[in-house]
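K.L.:
Structure file work-v9.cif, mmCIF, C-alpha atoms and all ligand atoms, is pasted below:
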```cif
data_data
#
loop_
_atom_site.label_atom_id
_atom_site.label_comp_id
_atom_site.auth_asym_id
_atom_site.auth_seq_id
_atom_site.Cartn_x
_atom_site.Cartn_y
_atom_site.Cartn_z
CA MET A 695 -9.10 52.05 82.59
CA LYS A 696 -8.06 52.60 86.18
CA SER A 697 -7.37 56.11 87.34
CA PRO A 698 -3.77 57.37 87.40
CA ASP A 699 -3.81 57.09 91.22
CA GLU A 700 -4.98 53.49 91.12
CA LEU A 701 -2.30 52.61 88.57
CA THR A 702 0.36 54.29 90.71
CA GLU A 703 -0.83 52.21 93.63
CA ALA A 704 -0.81 48.99 91.54
CA PHE A 705 2.75 49.71 90.39
CA ARG A 706 3.97 50.31 93.92
CA ARG A 707 2.33 47.14 95.18
CA ARG A 708 4.42 45.22 92.65
CA GLY A 709 7.57 46.96 93.75
CA LEU A 710 7.85 48.91 90.50
CA LYS A 711 9.18 52.43 90.56
CA VAL A 712 6.68 55.16 89.76
CA THR A 713 8.38 58.06 88.05
CA PRO A 714 6.74 61.32 86.89
CA GLN A 715 7.18 59.98 83.32
CA ARG A 716 5.21 56.85 84.10
CA GLN A 717 2.50 58.87 85.80
CA ALA A 718 2.25 61.02 82.68
CA VAL A 719 1.63 57.81 80.68
CA PHE A 720 -1.09 56.79 83.16
CA ARG A 721 -2.77 60.16 82.70
CA ALA A 722 -2.58 59.99 78.91
CA LEU A 723 -4.20 56.55 78.92
CA HIS A 724 -6.90 57.71 81.26
CA GLU A 725 -7.70 60.89 79.36
CA HIS A 726 -7.57 59.34 75.90
CA PRO A 727 -8.92 55.83 76.12
CA GLY A 728 -9.41 53.72 73.02
CA HIS A 729 -6.81 51.46 71.46
CA PRO A 730 -3.73 53.67 71.14
CA THR A 731 -0.38 52.62 69.74
CA ALA A 732 2.70 53.33 71.86
CA GLU A 733 3.53 56.11 69.39
CA ALA A 734 0.15 57.77 69.95
CA VAL A 735 0.63 57.67 73.73
CA TYR A 736 4.13 59.06 73.26
CA ASP A 737 2.82 61.98 71.18
CA ASP A 738 0.24 62.66 73.86
CA VAL A 739 2.67 62.58 76.78
CA ARG A 740 5.28 64.69 75.04
CA VAL A 741 2.96 67.67 75.15
CA GLU A 742 3.35 67.92 78.93
CA MET A 743 6.69 66.13 79.22
CA PRO A 744 8.87 66.88 76.17
CA THR A 745 11.87 64.94 77.52
CA ILE A 746 10.16 61.57 77.82
CA SER A 747 11.52 58.83 75.54
CA LEU A 748 9.52 56.43 73.41
CA ARG A 749 11.39 53.67 75.19
CA THR A 750 9.99 54.72 78.56
CA VAL A 751 6.49 54.81 77.08
CA TYR A 752 6.95 51.28 75.67
CA GLN A 753 8.30 49.99 78.95
CA THR A 754 5.42 51.45 80.93
CA LEU A 755 2.85 50.03 78.51
CA ASN A 756 4.51 46.62 78.59
CA ASP A 757 4.55 46.66 82.40
CA LEU A 758 0.87 47.54 82.42
CA ALA A 759 0.19 44.69 79.97
CA ALA A 760 2.15 42.27 82.17
CA MET A 761 0.01 43.39 85.13
CA GLY A 762 -3.18 42.74 83.16
CA GLU A 763 -4.15 46.42 83.07
CA LEU A 764 -3.80 46.57 79.28
CA ARG A 765 -4.12 44.01 76.56
CA GLN A 766 -1.75 44.12 73.64
CA LEU A 767 -3.52 43.60 70.34
CA SER A 768 -2.42 43.44 66.76
CA PHE A 769 -4.76 44.11 63.89
CA GLY A 770 -2.33 43.48 61.08
CA PRO A 771 0.54 45.55 59.75
CA GLY A 772 1.57 48.53 61.86
CA SER A 773 2.19 48.98 65.54
CA ALA A 774 0.55 47.00 68.28
CA ARG A 775 -2.46 48.58 69.98
CA PHE A 776 -2.97 48.70 73.72
CA ASP A 777 -6.48 48.06 74.96
CA PRO A 778 -7.47 49.15 78.46
CA ASN A 779 -10.85 47.41 78.20
CA GLY A 780 -10.50 44.19 80.16
CA ASP A 781 -14.03 42.95 79.42
CA ASP A 782 -14.58 40.10 77.00
CA HIS A 783 -15.16 41.92 73.75
CA HIS A 784 -14.50 41.99 70.04
CA HIS A 785 -13.43 44.67 67.61
CA LEU A 786 -14.58 46.54 64.55
CA VAL A 787 -11.55 47.60 62.53
CA CYS A 788 -11.65 50.09 59.66
CA GLU A 789 -9.38 48.95 56.88
CA ARG A 790 -9.00 52.48 55.54
CA CYS A 791 -8.23 54.66 58.58
CA GLY A 792 -7.33 52.01 61.14
CA LYS A 793 -10.06 53.03 63.61
CA VAL A 794 -10.76 50.38 66.25
CA ILE A 795 -14.08 50.17 68.10
CA ASP A 796 -15.11 47.79 70.90
CA VAL A 797 -18.11 45.60 70.21
CA TYR A 798 -20.01 43.22 72.38
CA ALA A 799 -21.37 40.38 70.28
CA ASP A 800 -22.42 36.85 71.14
CA THR A 801 -19.86 34.60 69.50
CA SER A 802 -20.82 31.44 71.38
CA GLY A 803 -21.72 29.89 68.00
CA VAL A 804 -18.17 30.37 66.72
CA GLU A 805 -16.44 27.04 67.19
CA VAL A 806 -13.48 25.23 65.75
CA PRO A 807 -14.67 21.88 64.35
CA PRO A 808 -13.16 19.02 66.42
CA ALA A 809 -11.18 17.77 63.40
CA GLU A 810 -9.48 21.20 63.11
CA ARG A 811 -8.42 21.67 66.73
CA HIS A 812 -4.96 20.08 66.49
CA GLY A 813 -5.09 19.21 70.16
CA PHE A 814 -5.81 22.81 71.21
CA VAL A 815 -7.97 23.61 74.17
CA VAL A 816 -9.65 26.88 73.21
CA THR A 817 -10.13 29.22 76.16
CA THR A 818 -11.07 32.55 74.56
CA THR A 819 -12.44 33.71 71.24
CA GLN A 820 -11.76 37.13 69.79
CA VAL A 821 -13.40 38.17 66.59
CA VAL A 822 -12.15 41.04 64.42
CA PHE A 823 -14.82 42.46 62.14
CA ARG A 824 -13.06 44.30 59.33
CA GLY A 825 -14.59 46.79 56.99
CA THR A 826 -15.14 50.49 56.50
CA CYS A 827 -16.16 52.93 59.24
CA ALA A 828 -18.91 55.53 58.87
CA ASP A 829 -16.36 58.33 58.39
CA CYS A 830 -14.67 56.49 55.55
CA GLY A 831 -17.91 55.68 53.75
CA ALA A 832 -19.46 52.26 53.92
CA SER A 833 -20.69 51.94 50.34
CA PRO A 834 -18.19 50.46 47.87
CA GLY A 835 -18.86 53.34 45.46
CA ALA A 836 -17.49 55.84 47.99
CA ALA A 837 -14.02 54.50 47.33
CA ASP A 838 -14.07 55.92 43.81
CA ASP A 839 -13.40 59.58 44.19
CA PRO A 840 -16.03 61.31 42.05
CA THR A 841 -13.87 64.45 41.82
CA HIS A 842 -11.20 62.51 40.01
CA HIS A 843 -12.09 63.76 36.55
CA LEU A 844 -13.05 67.27 37.54
CA ASP A 845 -11.39 70.41 36.31
CA HIS A 846 -9.66 73.20 38.18
CA HIS A 847 -12.48 74.93 40.00
CA ASN A 848 -13.12 71.85 42.08
CA HIS A 849 -9.52 71.31 42.95
CA ASN A 850 -9.78 72.65 46.49
CA GLN A 851 -12.66 70.41 47.32
CA HIS A 852 -10.65 67.48 46.08
CA ASN A 853 -7.75 68.33 48.37
CA GLN A 854 -10.04 68.69 51.32
CA GLN A 855 -11.45 65.23 50.80
CA GLU A 856 -7.98 63.77 50.57
CA GLU A 857 -7.04 65.38 53.85
CA THR A 858 -10.10 64.02 55.59
CA ILE A 859 -9.33 60.52 54.43
CA HIS A 860 -5.77 60.63 55.68
CA ALA A 861 -6.51 62.42 58.94
ZN ZN B 901 -12.31 54.62 58.72
ZN ZN B 902 -11.06 46.82 72.72
#
```
The structure given in the file should be rewritten as structure tokens.
P.N.:
Amino acid sequence: MKSPDELTEAFRRRGLKVTPQRQAVFRALHEHPGHPTAEAVYDDVRVEMPTISLRTVYQTLNDLAAMGELRQLSFGPGSARFDPNGDDHHHLVCERCGKVIDVYADTSGVEVPPAERHGFVVTTTQVVFRGTCADCGASPGAADDPTHHLDHHNHNQHNQQEETIHA
């Protein structure tokens, strides 16, 4: 991700207005990279700028996407994610907590058979590897909460686990 100053400069070059609100969005993106949703950026920016609107955040993110500074991605139901990583890369997506991680993998062997191309000329390939992240527990057995049948004295532990899963 470019620095807030570089983004300000890029906006001005395109004749776009740079407001303090937009600069706050630039800073939030720079300080918390990853694949945030517009809502996550909004929550971040509101800490220093409580009057900013979600609409302004969306508009700024969409402008950045139109400029090629961000890529808009969708990994299924829920809000779109904005990806500041412009390199060719793929993603690991946790189906339980929604975590998204960049991966660099050789996918040159992934091809659409000629009979299935429907006249398409394929220019890029993006692979989404779905599964369970380390925090959520990779083994299938981890999904079954072992505290399920326990009695009262383990109740607190049970709650704690629930919180971790939904955090
Ligand atoms: Zn997870
Ligand atoms: Zn990415």
K.L.:
Using only C-alpha atoms and all ligand atoms, find the one residue out of A:Glu742, A:Asp800, A:Glu789, A:Glu725 that sits nearest to ligand ZN 901 (chain B).
P.N.:
A:Glu789
K.L.:
Any chance you could tabulate, as CSV, the residues of chain A at most 7 Å from ligand ZN 901 (chain B) with each one's nearest atom pair and distance in Å to one decimal, using all atoms listed in the file, in chain and rising number order?
P.N.:
```
residue,atom,partner,partner_atom,distance
A:Cys788,CA,B:ZN901,ZN,4.7
A:Glu789,CA,B:ZN901,ZN,6.6
A:Arg790,CA,B:ZN901,ZN,5.1
A:Cys791,CA,B:ZN901,ZN,4.1
A:Gly792,CA,B:ZN901,ZN,6.1
A:Lys793,CA,B:ZN901,ZN,5.6
A:Thr826,CA,B:ZN901,ZN,5.5
A:Cys827,CA,B:ZN901,ZN,4.2
A:Ala828,CA,B:ZN901,ZN,6.7
A:Asp829,CA,B:ZN901,ZN,5.5
A:Cys830,CA,B:ZN901,ZN,4.4
```
K.L.:
Which residues of chain A come within 6 Å of ligand ZN 902 (chain B), and what is each one's closest atom pair and distance in Å (one decimal), counting all atoms listed in the file, sorted by chain and residue number, as CSV?
P.N.:
```
residue,atom,partner,partner_atom,distance
A:Asp777,CA,B:ZN902,ZN,5.2
A:Asn779,CA,B:ZN902,ZN,5.5
A:Asp796,CA,B:ZN902,ZN,4.5
```
K.L.:
Between CA of Lys696 in chain A and CA of Ala734 in chain A, what is the distance in Å, rounded to a tenth?
P.N.:
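Between CA of Lys696 in chain A and CA of Ala734 in chain A the gap is 18.9 Å.
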K.L.:
Calculated over only C-alpha atoms, which of the candidates A:Ser773, A:Pro807, A:Leu755, A:Ala722 has the smallest distance to Val739 in chain A?
P.N.:
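Smallest distance to Val739 in chain A is found for A:Ala722.
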K.L.:
Closest to Gly780 in chain A among A:Gly813, A:Gly825, A:Pro698, A:Gly762, using only C-alpha atoms?
P.N.:
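Closest to Gly780 in chain A of all the choices is A:Gly762.
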K.L.:
Quick one: of A:Pro730, A:Ser697, A:Arg824, A:Pro778, who's nearest to Leu758 in chain A, counting only C-alpha atoms?
P.N.:
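The shortest atom-to-atom distance to Leu758 in chain A comes from A:Pro778.
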K.L.:
Take CA of Asp738 in chain A and CA of Ala704 in chain A and report the distance between them in Å, one decimal.
P.N.:
22.4 Å
K.L.:
If you measure from CA of Thr817 in chain A to CA of Leu786 in chain A, what distance in Å do you get, rounded to one decimal?
P.N.:
21.3 Å
K.L.:
Go through A:Ala732, A:Ile746, A:Pro727, A:Ala759 and flag the residue nearest Phe705 in chain A, using all atoms listed in the file for the distances.
P.N.:
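Using all atoms listed in the file, Phe705 in chain A sits closest to A:Ala759.
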K.L.:
Just checking: using only C-alpha atoms, which residue out of A:Ala809, A:Ala799, A:Val719, A:Val787 ends up closest to Gln753 in chain A?
P.N.:
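Answer, going by the shortest atom-to-atom distance: A:Val719.
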K.L.:
Tell me, as a list in words, which residues lie within 10 Å of Thr819 in chain A, counting all atoms listed in the file; anything in the same chain fewer than 6 positions away does not count.
P.N.:
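Everything that qualifies: Asp782, His783, His784, Thr801, Ser802, Val804 and Glu805 of chain A.
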K.L.:
Which neighbours of Thr731 in chain A fall inside 7 Å, counting all atoms listed in the file, when residues of the same chain fewer than 4 positions from it are skipped, and could you give them as a ChimeraX atom specification?
P.N.:
/A:735,773-776
K.L.:
Save out the residues we just selected, C-alpha atoms, as an mmCIF file, in the frame of the given file.
P.N.:
```cif
data_model
loop_
_atom_site.group_PDB
_atom_site.id
_atom_site.type_symbol
_atom_site.label_atom_id
_atom_site.label_comp_id
_atom_site.auth_asym_id
_atom_site.auth_seq_id
_atom_site.Cartn_x
_atom_site.Cartn_y
_atom_site.Cartn_z
ATOM 1 C CA VAL A 735 0.630 57.670 73.730
ATOM 2 C CA SER A 773 2.190 48.980 65.540
ATOM 3 C CA ALA A 774 0.550 47.000 68.280
ATOM 4 C CA ARG A 775 -2.460 48.580 69.980
ATOM 5 C CA PHE A 776 -2.970 48.700 73.720
#
```
